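First the structure, in the form of structure tokens, and then the observations on it.
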Amino acid sequence: MALADFEDFRGYLPGMSADEMWAWIPPTITASDFPDLQLYIEYRVRLFKQKCRSMSGEELTNQINLLYETPTVGDKLTDRNLWAYKHLRALVVEIQQFVCQLEDICTYQTCKEMKATDEWQFLCASHHKPQACCAIDYMTHTLDTSISVLNSKQFFSDDNLSEESYKLIQQIARRLYRVFAHIYFNHQEQFRDFENETLLHERYKQFSVQFNLVPNANFIENLKSKKADNISMTTSQLPPKMKH
Ligand SMILES: [Zn+2]
Ligand SMILES: [Zn+2]
């Protein structure tokens, strides 16, 4: 189906309720129907949010897997690294929207250091020399740097990705995951509300596993068990270890 037909097909009708308008789900559209992969991803994510918000467990995992399944364009299977790159570009925009919602909640006063649990303090790598920015600055700087690197033609092309560029994606994905970890451990209400609405963390985690981007030990549930260990050692007030 061509995009023009797609527009025609949507045809809102007089008397249609808002629910009916938004519940509209188009017939099967493939990556070949889109002028580029980035638009196709946007479309699939929008559809996913509409359809899967109330899902959980295996049903949700399967739907997320479908989202990351490498598509065929024409008769050519998309380069897997390129597919991961395009998804990361889309995810960064969503993470940015998440961080924007923390205005007045995560500040220099509330979170002087960028931490998930107390075990690690993350140094901001967006500077000539890594430095200890407060959490909101760390997140903003990391997002800005990630967006600028991901948009750079110097590192990424639209055809396929070198192994070196893929390593860069791993580095960016690992640093961005810390945004989720910080919000989860320090702003739980905001984390829960945003997750209920978007399932962004669940999608990002599965994305990271599927494309081998973030080590398992960095995931929230693994940091959580370390946090429990730390709490049981109540007498130790060791300073946090540093990572960048
Ligand atoms: Zn904070
Ligand atoms: Zn910084």
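Going through the structure tokens in order, the chains are called A, B, and so on, while each chain numbers its residues from 1 and the ligands are numbered from 1 in the order shown.
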Next item on the list: Would you mind listing what lies within 10 Å of A:Asn160 as a ChimeraX atom specification, with only C-alpha atoms counted and same-chain residues fewer than 5 positions away left out?
Entry: /A:78-83,85,165
How about saving the chosen residues, N, CA and C atoms kept, as a PDB file, in the first residue's frame?
```
ATOM      1  N   THR A  78      17.053  -5.759   5.778  1.00  0.00           N
ATOM      2  CA  THR A  78      17.764  -4.578   6.298  1.00  0.00           C
ATOM      3  C   THR A  78      18.979  -5.004   7.124  1.00  0.00           C
ATOM      4  N   ASP A  79      20.059  -4.261   6.977  1.00  0.00           N
ATOM      5  CA  ASP A  79      21.264  -4.509   7.778  1.00  0.00           C
ATOM      6  C   ASP A  79      20.891  -4.395   9.272  1.00  0.00           C
ATOM      7  N   ARG A  80      21.245  -5.415  10.039  1.00  0.00           N
ATOM      8  CA  ARG A  80      20.806  -5.484  11.441  1.00  0.00           C
ATOM      9  C   ARG A  80      21.389  -4.338  12.293  1.00  0.00           C
ATOM     10  N   ASN A  81      22.636  -4.010  12.040  1.00  0.00           N
ATOM     11  CA  ASN A  81      23.254  -2.923  12.802  1.00  0.00           C
ATOM     12  C   ASN A  81      22.587  -1.587  12.481  1.00  0.00           C
ATOM     13  N   LEU A  82      22.262  -1.419  11.203  1.00  0.00           N
ATOM     14  CA  LEU A  82      21.595  -0.189  10.780  1.00  0.00           C
ATOM     15  C   LEU A  82      20.211  -0.086  11.430  1.00  0.00           C
ATOM     16  N   TRP A  83      19.546  -1.216  11.512  1.00  0.00           N
ATOM     17  CA  TRP A  83      18.217  -1.283  12.131  1.00  0.00           C
ATOM     18  C   TRP A  83      18.304  -0.877  13.604  1.00  0.00           C
ATOM     19  N   TYR A  85      20.616   1.004  14.927  1.00  0.00           N
ATOM     20  CA  TYR A  85      20.962   2.439  14.932  1.00  0.00           C
ATOM     21  C   TYR A  85      19.707   3.303  14.781  1.00  0.00           C
ATOM     22  N   SER A 165      31.319   1.791  14.337  1.00  0.00           N
ATOM     23  CA  SER A 165      30.127   2.604  14.611  1.00  0.00           C
ATOM     24  C   SER A 165      29.207   1.869  15.576  1.00  0.00           C
TER      25      SER A 165
END
```
Sorted per-residue table, chain A near ligand 1, closest atoms and distance, 10 Å, only C-alpha atoms and all ligand atoms, as a Markdown table:
```
| residue | atom | partner | partner_atom_place_in_ligand_line | distance |
| --- | --- | --- | --- | --- |
| A:Val99 | CA | ligand 1 | 1 (Zn) | 9.7 |
| A:Leu102 | CA | ligand 1 | 1 (Zn) | 7.8 |
| A:Glu103 | CA | ligand 1 | 1 (Zn) | 9.7 |
| A:Asp104 | CA | ligand 1 | 1 (Zn) | 9.7 |
| A:Ile105 | CA | ligand 1 | 1 (Zn) | 7.0 |
| A:Cys106 | CA | ligand 1 | 1 (Zn) | 3.8 |
| A:Thr107 | CA | ligand 1 | 1 (Zn) | 6.3 |
| A:Tyr108 | CA | ligand 1 | 1 (Zn) | 8.2 |
| A:Gln109 | CA | ligand 1 | 1 (Zn) | 9.1 |
| A:Thr110 | CA | ligand 1 | 1 (Zn) | 6.3 |
| A:Cys111 | CA | ligand 1 | 1 (Zn) | 4.7 |
| A:Lys112 | CA | ligand 1 | 1 (Zn) | 8.1 |
| A:Glu113 | CA | ligand 1 | 1 (Zn) | 8.3 |
| A:Met114 | CA | ligand 1 | 1 (Zn) | 7.5 |
| A:Lys115 | CA | ligand 1 | 1 (Zn) | 8.3 |
| A:Ala116 | CA | ligand 1 | 1 (Zn) | 9.1 |
| A:Cys134 | CA | ligand 1 | 1 (Zn) | 8.3 |
| A:Ala135 | CA | ligand 1 | 1 (Zn) | 5.5 |
| A:Ile136 | CA | ligand 1 | 1 (Zn) | 6.3 |
| A:Asp137 | CA | ligand 1 | 1 (Zn) | 9.8 |
| A:Tyr138 | CA | ligand 1 | 1 (Zn) | 10.0 |
| A:Met139 | CA | ligand 1 | 1 (Zn) | 9.3 |
| A:Val179 | CA | ligand 1 | 1 (Zn) | 9.2 |
| A:His182 | CA | ligand 1 | 1 (Zn) | 6.4 |
| A:Ile183 | CA | ligand 1 | 1 (Zn) | 6.2 |
| A:Tyr184 | CA | ligand 1 | 1 (Zn) | 9.3 |
| A:Phe185 | CA | ligand 1 | 1 (Zn) | 8.7 |
| A:Asn186 | CA | ligand 1 | 1 (Zn) | 5.7 |
| A:His187 | CA | ligand 1 | 1 (Zn) | 6.5 |
```
Next item on the list: Step one, run DSSP on the backbone; step two, keep only residues of stretch 98-236 of chain A assigned to strand (DSSP E or B); then write them as a ChimeraX atom specification.
Entry: /A:115,120-122,124,131
Next item on the list: Could you give me, as a PyMOL selection string, every polymer residue with an atom at most 12 Å away from an atom of ligand 2, counting only C-alpha atoms and all ligand atoms?
Entry: chain A and resi 113-114+122-145+244
Just the selected residues (N, CA and C atoms), exported as an mmCIF file, in the first residue's frame, please.
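The resulting file, result.cif, is reproduced below:
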```cif
data_model
loop_
_atom_site.group_PDB
_atom_site.id
_atom_site.type_symbol
_atom_site.label_atom_id
_atom_site.label_comp_id
_atom_site.auth_asym_id
_atom_site.auth_seq_id
_atom_site.Cartn_x
_atom_site.Cartn_y
_atom_site.Cartn_z
ATOM 1 N N GLU A 113 24.337 14.476 42.676
ATOM 2 C CA GLU A 113 25.218 13.566 41.927
ATOM 3 C C GLU A 113 24.389 12.658 41.041
ATOM 4 N N MET A 114 25.002 12.204 39.955
ATOM 5 C CA MET A 114 24.297 11.286 39.060
ATOM 6 C C MET A 114 24.526 9.872 39.558
ATOM 7 N N PHE A 122 28.094 8.241 38.485
ATOM 8 C CA PHE A 122 28.475 8.286 37.081
ATOM 9 C C PHE A 122 29.058 9.651 36.730
ATOM 10 N N LEU A 123 30.194 9.615 36.091
ATOM 11 C CA LEU A 123 30.807 10.862 35.646
ATOM 12 C C LEU A 123 30.308 11.159 34.243
ATOM 13 N N CYS A 124 30.076 12.429 33.982
ATOM 14 C CA CYS A 124 29.524 12.836 32.690
ATOM 15 C C CYS A 124 30.646 12.873 31.641
ATOM 16 N N ALA A 125 30.456 12.086 30.588
ATOM 17 C CA ALA A 125 31.501 11.961 29.562
ATOM 18 C C ALA A 125 31.335 12.971 28.438
ATOM 19 N N SER A 126 30.413 13.925 28.630
ATOM 20 C CA SER A 126 30.162 14.898 27.549
ATOM 21 C C SER A 126 31.139 16.068 27.577
ATOM 22 N N HIS A 127 32.154 15.962 28.398
ATOM 23 C CA HIS A 127 33.108 17.057 28.535
ATOM 24 C C HIS A 127 34.492 16.585 28.119
ATOM 25 N N HIS A 128 35.377 17.550 27.925
ATOM 26 C CA HIS A 128 36.728 17.216 27.506
ATOM 27 C C HIS A 128 37.312 16.164 28.451
ATOM 28 N N LYS A 129 37.085 16.389 29.758
ATOM 29 C CA LYS A 129 37.497 15.408 30.766
ATOM 30 C C LYS A 129 36.240 15.029 31.555
ATOM 31 N N PRO A 130 35.942 13.716 31.736
ATOM 32 C CA PRO A 130 34.708 13.343 32.446
ATOM 33 C C PRO A 130 34.591 14.073 33.783
ATOM 34 N N GLN A 131 33.385 14.576 34.077
ATOM 35 C CA GLN A 131 33.230 15.325 35.323
ATOM 36 C C GLN A 131 31.934 14.976 36.049
ATOM 37 N N ALA A 132 31.863 15.364 37.326
ATOM 38 C CA ALA A 132 30.719 14.991 38.157
ATOM 39 C C ALA A 132 29.593 16.009 38.022
ATOM 40 N N CYS A 133 28.813 15.928 36.954
ATOM 41 C CA CYS A 133 27.664 16.823 36.798
ATOM 42 C C CYS A 133 26.530 16.307 37.696
ATOM 43 N N CYS A 134 25.643 17.220 38.128
ATOM 44 C CA CYS A 134 24.471 16.755 38.884
ATOM 45 C C CYS A 134 23.577 15.955 37.928
ATOM 46 N N ALA A 135 22.610 15.205 38.508
ATOM 47 C CA ALA A 135 21.861 14.236 37.691
ATOM 48 C C ALA A 135 21.164 14.869 36.486
ATOM 49 N N ILE A 136 20.474 15.979 36.696
ATOM 50 C CA ILE A 136 19.715 16.554 35.569
ATOM 51 C C ILE A 136 20.682 17.054 34.481
ATOM 52 N N ASP A 137 21.816 17.597 34.899
ATOM 53 C CA ASP A 137 22.808 18.045 33.909
ATOM 54 C C ASP A 137 23.407 16.840 33.189
ATOM 55 N N TYR A 138 23.728 15.798 33.953
ATOM 56 C CA TYR A 138 24.272 14.578 33.342
ATOM 57 C C TYR A 138 23.322 14.073 32.258
ATOM 58 N N MET A 139 22.030 14.002 32.603
ATOM 59 C CA MET A 139 21.053 13.433 31.663
ATOM 60 C C MET A 139 20.910 14.331 30.431
ATOM 61 N N THR A 140 20.844 15.647 30.664
ATOM 62 C CA THR A 140 20.693 16.575 29.533
ATOM 63 C C THR A 140 21.940 16.551 28.648
ATOM 64 N N HIS A 141 23.113 16.596 29.278
ATOM 65 C CA HIS A 141 24.362 16.589 28.494
ATOM 66 C C HIS A 141 24.493 15.284 27.701
ATOM 67 N N THR A 142 24.172 14.175 28.368
ATOM 68 C CA THR A 142 24.316 12.868 27.698
ATOM 69 C C THR A 142 23.346 12.758 26.515
ATOM 70 N N LEU A 143 22.131 13.259 26.708
ATOM 71 C CA LEU A 143 21.157 13.225 25.604
ATOM 72 C C LEU A 143 21.631 14.106 24.445
ATOM 73 N N ASP A 144 22.082 15.315 24.765
ATOM 74 C CA ASP A 144 22.536 16.232 23.702
ATOM 75 C C ASP A 144 23.701 15.612 22.919
ATOM 76 N N THR A 145 24.666 15.068 23.666
ATOM 77 C CA THR A 145 25.830 14.464 23.002
ATOM 78 C C THR A 145 25.403 13.265 22.159
ATOM 79 N N HIS A 244 32.434 6.142 34.040
ATOM 80 C CA HIS A 244 31.967 7.059 32.999
ATOM 81 C C HIS A 244 31.745 6.335 31.709
#
```
Margin query: When you count only C-alpha atoms, which of these residues is closest to A:Phe191: A:Ser157, A:Ser152, A:Ser162, A:Gln101?
Written below: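 Result for the nearest residue to A:Phe191: A:Gln101.
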Checklist line | Residue contacts of stretch 210-217 of chain A (12 Å, only C-alpha atoms) excluding same-chain residues fewer than 2 positions away, as a ChimeraX atom specification | finding: /A:61,64-70,80-85,87-88,166-178,181,203-208,219-226
Check: Could you pull out all residues of stretch 80-191 of chain A with a DSSP call of alpha helix (DSSP H) and give them as a PyMOL selection string?
Finding: chain A and resi 80-100+135-150+163-186+188-191
Output C-alpha atoms for every residue in the selection just made, as a short mmCIF file (atom, residue, chain, number, x, y, z; two decimals), in the first residue's frame.
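File written: selection25.cif
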```
data_model
loop_
_atom_site.label_atom_id
_atom_site.label_comp_id
_atom_site.auth_asym_id
_atom_site.auth_seq_id
_atom_site.Cartn_x
_atom_site.Cartn_y
_atom_site.Cartn_z
CA ARG A 80 20.81 -5.48 11.44
CA ASN A 81 23.25 -2.92 12.80
CA LEU A 82 21.59 -0.19 10.78
CA TRP A 83 18.22 -1.28 12.13
CA ALA A 84 19.54 -1.01 15.72
CA TYR A 85 20.96 2.44 14.93
CA LYS A 86 17.62 3.71 13.59
CA HIS A 87 15.81 2.39 16.65
CA LEU A 88 18.26 4.04 19.01
CA ARG A 89 17.71 7.36 17.23
CA ALA A 90 13.97 7.03 17.84
CA LEU A 91 14.43 5.92 21.46
CA VAL A 92 16.66 8.89 22.30
CA VAL A 93 13.81 11.24 21.39
CA GLU A 94 11.47 9.38 23.74
CA ILE A 95 14.04 9.43 26.56
CA GLN A 96 14.36 13.17 26.04
CA GLN A 97 10.59 13.53 26.49
CA PHE A 98 10.88 11.49 29.70
CA VAL A 99 13.64 13.71 31.10
CA CYS A 100 11.67 16.87 30.19
CA ALA A 135 21.86 14.24 37.69
CA ILE A 136 19.72 16.55 35.57
CA ASP A 137 22.81 18.04 33.91
CA TYR A 138 24.27 14.58 33.34
CA MET A 139 21.05 13.43 31.66
CA THR A 140 20.69 16.57 29.53
CA HIS A 141 24.36 16.59 28.49
CA THR A 142 24.32 12.87 27.70
CA LEU A 143 21.16 13.22 25.60
CA ASP A 144 22.54 16.23 23.70
CA THR A 145 25.83 14.46 23.00
CA SER A 146 24.07 11.24 21.98
CA ILE A 147 21.78 13.07 19.55
CA SER A 148 24.65 14.96 18.02
CA VAL A 149 26.80 11.82 17.59
CA LEU A 150 23.89 9.76 16.23
CA GLU A 163 31.72 -2.52 13.63
CA GLU A 164 33.37 0.62 14.94
CA SER A 165 30.13 2.60 14.61
CA TYR A 166 28.31 -0.23 16.34
CA LYS A 167 30.69 0.03 19.30
CA LEU A 168 29.74 3.70 19.49
CA ILE A 169 26.08 2.71 19.61
CA GLN A 170 26.83 0.32 22.48
CA GLN A 171 28.59 3.09 24.37
CA ILE A 172 25.72 5.54 23.84
CA ALA A 173 23.07 2.93 24.75
CA ARG A 174 24.91 2.01 27.96
CA ARG A 175 25.17 5.64 29.08
CA LEU A 176 21.55 6.37 28.21
CA TYR A 177 20.36 3.40 30.26
CA ARG A 178 21.61 5.22 33.36
CA VAL A 179 18.83 7.76 32.84
CA PHE A 180 16.28 5.01 33.53
CA ALA A 181 18.27 3.75 36.51
CA HIS A 182 18.51 7.22 38.05
CA ILE A 183 14.81 7.92 37.62
CA TYR A 184 13.78 4.50 38.89
CA PHE A 185 15.76 4.71 42.12
CA ASN A 186 15.22 8.40 42.80
CA GLN A 188 9.78 6.30 41.39
CA GLU A 189 6.40 7.95 40.91
CA GLN A 190 7.52 9.63 37.67
CA PHE A 191 9.12 6.39 36.48
#
```
Notebook entry, point to check: Which residue gives the smallest distance to A:Gly74 among A:Tyr43, A:Phe34, A:Tyr12, A:Phe48, with only C-alpha atoms counted?
Noted result: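 Answer, going by the shortest atom-to-atom distance: A:Phe34.
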Check: With only C-alpha atoms as the atoms that count, which of A:Thr72, A:Gln154, A:Ser54, A:Ser17 lies nearest to A:Ser32?
Finding: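 The answer is A:Thr72, which sits nearest to A:Ser32.
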Check: What does the distance between atom CA of A:Asn218 and atom CA of A:Gln38 come to in Å, to one decimal place?
Finding: 27.6 Å
Item checked: Separation of atom CA of A:Lys241 from atom CA of A:Glu119, in Å and rounded to one decimal ->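 Distance between the two atoms: 6.3 Å.
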Next item on the list: Identify which of the residues A:Glu42, A:Glu58, A:Glu202, A:Asp159 lies closest to A:Lys76, counting only C-alpha atoms when measuring atom-to-atom distances.
Entry: A:Asp159
